[in-house]
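Structure first, commentary second.
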Amino acid sequence: MQEKFLSQRVCAVQTPIIPTINKLVREYPGTISLGQGVSYYGPPPETYQAIETQLKSKQLNAYGPVEGIPELVETLTQKLNARNNITINNDNCVFVTAGSNMAFSSLVQVLADPGDEIILLTPYYFNHEMAIRLANANPVLVPTLDNYHPDIDSIKKAITNKTRAIVTVSPNNPSAAVYTQDELSTINALCAQHNIYHISDEAYEDFIHSENAHFSPASLNNSEAHTISLYSLSKAYGFAGWRVGYMVIPKHIFASLHKVQDTVLISPTIISQYAAIGAHQSPYSYIENKIKEIKRSRQVCLDALNQTDLLASPAKSEGAFYIFAKLKTTKDDFDLAKTLIQQHGVATIPGNAFEAGNGCYLRISYGALTSDTVTEGINKLIQGLSKLLV
């Protein structure tokens, strides 16, 4: 049989690392996963109450508005005003998507033609790089400083006449850095100066463990025309499987995004949108109490790792629920991650998926751990590394 051709742009995209690691985890039952970035808890009770109220509604069986049902758009507008200091006005709007990964992918289709450039800070979130390549655009990789915060001078030098956007992720996946207000404001001003977009991915906005408070660049005065903010319910609300995300976008790109989402999705799932309304009706203390548990897991992991001699630099985690550990070894990080699952029953994500640079890195996710599993999980990792790095 003659070999079939595949598009070059798809072939150029890296194999998704999360499904690859998850497949290995399934092959070795009993493995404790410090891999995929998920919360240990599910949605608040109000989520299910909202679903029960709507279950017999005929609206659930029909297509909805491409940009999201009005009730959810209004709920998110209120949330953005109260928690992000973002005002929705005549120059911007809320756009609901099936998760913020889809939001980013659709944005690239709208903002970039083949050959155009989008600046990513490394280590990057791998799905951002993949989406850019799928659109036949070019990711321009700018290394961060030693503390994983933006290198403003390097960003300035990377801007060309083909640049269409600068992407920031704060709190960061995978590095767990929380960018300062000054850093984000400076990047936002650069975008305004060069007539490009600032795409601010804020999926982990609720998970802050440092003195740097979360800051939304879209709250800056006169930022509406060039600032795009991405949000997700997957992390803070334990909503990963419901696939609800949303954006704050300049009004002038609404029609173009509408084309893309109508082509790919038609509309976000109606029942998930009502579930999202219910989740936002819960008191914020629901999330705060869950994050307290995650903070305890974070401290257990940091303390345990920093008491070893395995790391090339001290482990830290300013936000999100990750530790990006640089190890004292020249081993290949994917091979190391694979062996940790096969021989030691613990899963992590190799740093090469994030373009980590020189060295061997593992991303350790503690968000899915509880007080019952965190000690066993991190001890398994340390014991495995102690044997493999000799």
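If you're wondering about the labels, chains in the structure tokens are A, B, ... by order shown, residues count from 1 in each chain, ligands from 1 in order shown.
The environment of segment 210-215 of chain A within 7 Å, counting only C-alpha atoms and disregarding residues fewer than 3 places along the same chain, consists of Val178, Thr180, Gln181, Glu205, Glu318 and Gly319 of chain A.
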I want to know what sits within 7 Å of Ala177 of chain A, based on only C-alpha atoms, with residues of the same chain fewer than 2 positions away left out; could you give that as an MDAnalysis selection string? chainID A and resid 148:149 170:172 175 179 317:319
Export, as a PDB file, in the first residue's frame, the selected residues with N, CA and C atoms.
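In the end it all went to again.pdb:
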```pdb
ATOM      1  N   TYR A 148      13.799  32.521  36.441  1.00  0.00           N
ATOM      2  CA  TYR A 148      12.687  32.240  35.531  1.00  0.00           C
ATOM      3  C   TYR A 148      11.764  33.438  35.315  1.00  0.00           C
ATOM      4  N   HIS A 149      12.183  34.619  35.694  1.00  0.00           N
ATOM      5  CA  HIS A 149      11.404  35.819  35.418  1.00  0.00           C
ATOM      6  C   HIS A 149      11.829  36.386  34.064  1.00  0.00           C
ATOM      7  N   SER A 170       1.722  33.622  33.822  1.00  0.00           N
ATOM      8  CA  SER A 170       1.998  33.923  35.226  1.00  0.00           C
ATOM      9  C   SER A 170       0.727  33.770  36.054  1.00  0.00           C
ATOM     10  N   PRO A 171       0.818  32.950  37.120  1.00  0.00           N
ATOM     11  CA  PRO A 171       1.893  32.060  37.540  1.00  0.00           C
ATOM     12  C   PRO A 171       2.259  31.079  36.417  1.00  0.00           C
ATOM     13  N   ASN A 172       3.545  30.718  36.396  1.00  0.00           N
ATOM     14  CA  ASN A 172       4.085  30.062  35.228  1.00  0.00           C
ATOM     15  C   ASN A 172       4.018  28.547  35.297  1.00  0.00           C
ATOM     16  N   SER A 175       7.667  26.709  35.312  1.00  0.00           N
ATOM     17  CA  SER A 175       8.691  27.155  36.264  1.00  0.00           C
ATOM     18  C   SER A 175       8.137  27.577  37.613  1.00  0.00           C
ATOM     19  N   TYR A 179       5.278  36.471  37.918  1.00  0.00           N
ATOM     20  CA  TYR A 179       5.859  37.715  37.414  1.00  0.00           C
ATOM     21  C   TYR A 179       5.328  38.910  38.202  1.00  0.00           C
ATOM     22  N   SER A 317       9.043  27.300  44.415  1.00  0.00           N
ATOM     23  CA  SER A 317       7.766  27.339  43.721  1.00  0.00           C
ATOM     24  C   SER A 317       7.011  28.575  44.175  1.00  0.00           C
ATOM     25  N   GLU A 318       7.007  29.616  43.333  1.00  0.00           N
ATOM     26  CA  GLU A 318       6.362  30.879  43.691  1.00  0.00           C
ATOM     27  C   GLU A 318       4.855  30.832  43.484  1.00  0.00           C
ATOM     28  N   GLY A 319       4.398  29.985  42.563  1.00  0.00           N
ATOM     29  CA  GLY A 319       2.975  29.925  42.255  1.00  0.00           C
ATOM     30  C   GLY A 319       2.645  28.670  41.473  1.00  0.00           C
TER      31      GLY A 319
END
```
DSSP helix (DSSP H, G or I) residues within segment 173-345 of chain A, listed as a PyMOL selection string: chain A and resi 181-194+217-219+240-242+251-264+270-280+285-306+333-344
When DSSP is applied to the backbone of this structure, which of segment 143-305 of chain A are assigned strand (DSSP E)? Write them out as number ranges by chain. A: 143, 163-169, 197-201, 227-232, 245-250
Next, dump the selected residues to file, keeping only C-alpha atoms, as a PDB file, in the first residue's frame.
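Ended up saving to part11.pdb:
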```
ATOM      1  CA  PRO A 143      15.198  32.529  27.626  1.00  0.00           C
ATOM      2  CA  THR A 163       6.264  39.690  15.565  1.00  0.00           C
ATOM      3  CA  ARG A 164       2.549  39.500  16.248  1.00  0.00           C
ATOM      4  CA  ALA A 165       2.425  38.814  19.987  1.00  0.00           C
ATOM      5  CA  ILE A 166       4.371  38.261  23.200  1.00  0.00           C
ATOM      6  CA  VAL A 167       3.054  35.500  25.454  1.00  0.00           C
ATOM      7  CA  THR A 168       3.401  35.570  29.227  1.00  0.00           C
ATOM      8  CA  VAL A 169       2.267  32.830  31.603  1.00  0.00           C
ATOM      9  CA  TYR A 197      -0.538  41.865  21.229  1.00  0.00           C
ATOM     10  CA  HIS A 198       0.212  40.860  24.795  1.00  0.00           C
ATOM     11  CA  ILE A 199      -1.294  37.411  25.413  1.00  0.00           C
ATOM     12  CA  SER A 200      -1.459  36.910  29.172  1.00  0.00           C
ATOM     13  CA  ASP A 201      -2.169  33.314  30.210  1.00  0.00           C
ATOM     14  CA  THR A 227      -4.132  42.917  25.606  1.00  0.00           C
ATOM     15  CA  ILE A 228      -5.648  39.422  25.551  1.00  0.00           C
ATOM     16  CA  SER A 229      -6.187  37.527  28.810  1.00  0.00           C
ATOM     17  CA  LEU A 230      -6.699  33.755  29.051  1.00  0.00           C
ATOM     18  CA  TYR A 231      -8.442  32.077  31.980  1.00  0.00           C
ATOM     19  CA  SER A 232      -9.473  28.550  32.890  1.00  0.00           C
ATOM     20  CA  GLY A 245     -12.150  28.547  29.633  1.00  0.00           C
ATOM     21  CA  TYR A 246     -12.587  32.156  28.599  1.00  0.00           C
ATOM     22  CA  MET A 247     -10.778  35.187  27.287  1.00  0.00           C
ATOM     23  CA  VAL A 248     -10.875  38.930  27.588  1.00  0.00           C
ATOM     24  CA  ILE A 249     -10.220  40.184  24.065  1.00  0.00           C
ATOM     25  CA  PRO A 250     -10.123  43.476  22.184  1.00  0.00           C
TER      26      PRO A 250
END
```
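Excluding Ile88 of chain A itself and any same-chain residue fewer than 3 positions from it, the protein and nucleic acid residues within 7 Å of it, counting only C-alpha atoms, are Thr77, Asn92 and Cys93 of chain A.
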Quick one: pull the distance between atom CA of Ala218 of chain A and atom CA of Ser185 of chain A, Å, one decimal. 9.6 Å
Which residues are near Gln49 of chain A? Cut-off 10 Å, only C-alpha atoms, ignore same chain within fewer than 5 positions. Put them as a short mmCIF file (atom, residue, chain, number, x, y, z; two decimals) with C-alpha atoms, in the first residue's frame.
```cif
data_model
loop_
_atom_site.label_atom_id
_atom_site.label_comp_id
_atom_site.auth_asym_id
_atom_site.auth_seq_id
_atom_site.Cartn_x
_atom_site.Cartn_y
_atom_site.Cartn_z
CA PRO A 44 -17.90 22.93 44.51
CA GLN A 54 -31.02 22.87 34.02
CA TYR A 274 -24.21 26.22 33.40
CA ALA A 275 -21.89 24.18 35.60
CA GLY A 278 -22.83 27.29 39.52
CA ALA A 279 -19.14 27.05 40.40
#
```
Point-to-point distance in Å for atom CA of Leu369 of chain A and atom CA of His128 of chain A: 25.9 Å
Leaving out Ile51 of chain A and any residue of its chain fewer than 4 positions from it, which residues lie within 10 Å of it when counting only C-alpha atoms, given as a list of chain:residue names? A:Glu46, A:Thr47, A:Leu55, A:Lys56, A:Ile271, A:Ser272, A:Gln273, A:Tyr274, A:Ala275, A:Ala276, A:Ile277, A:Gly278
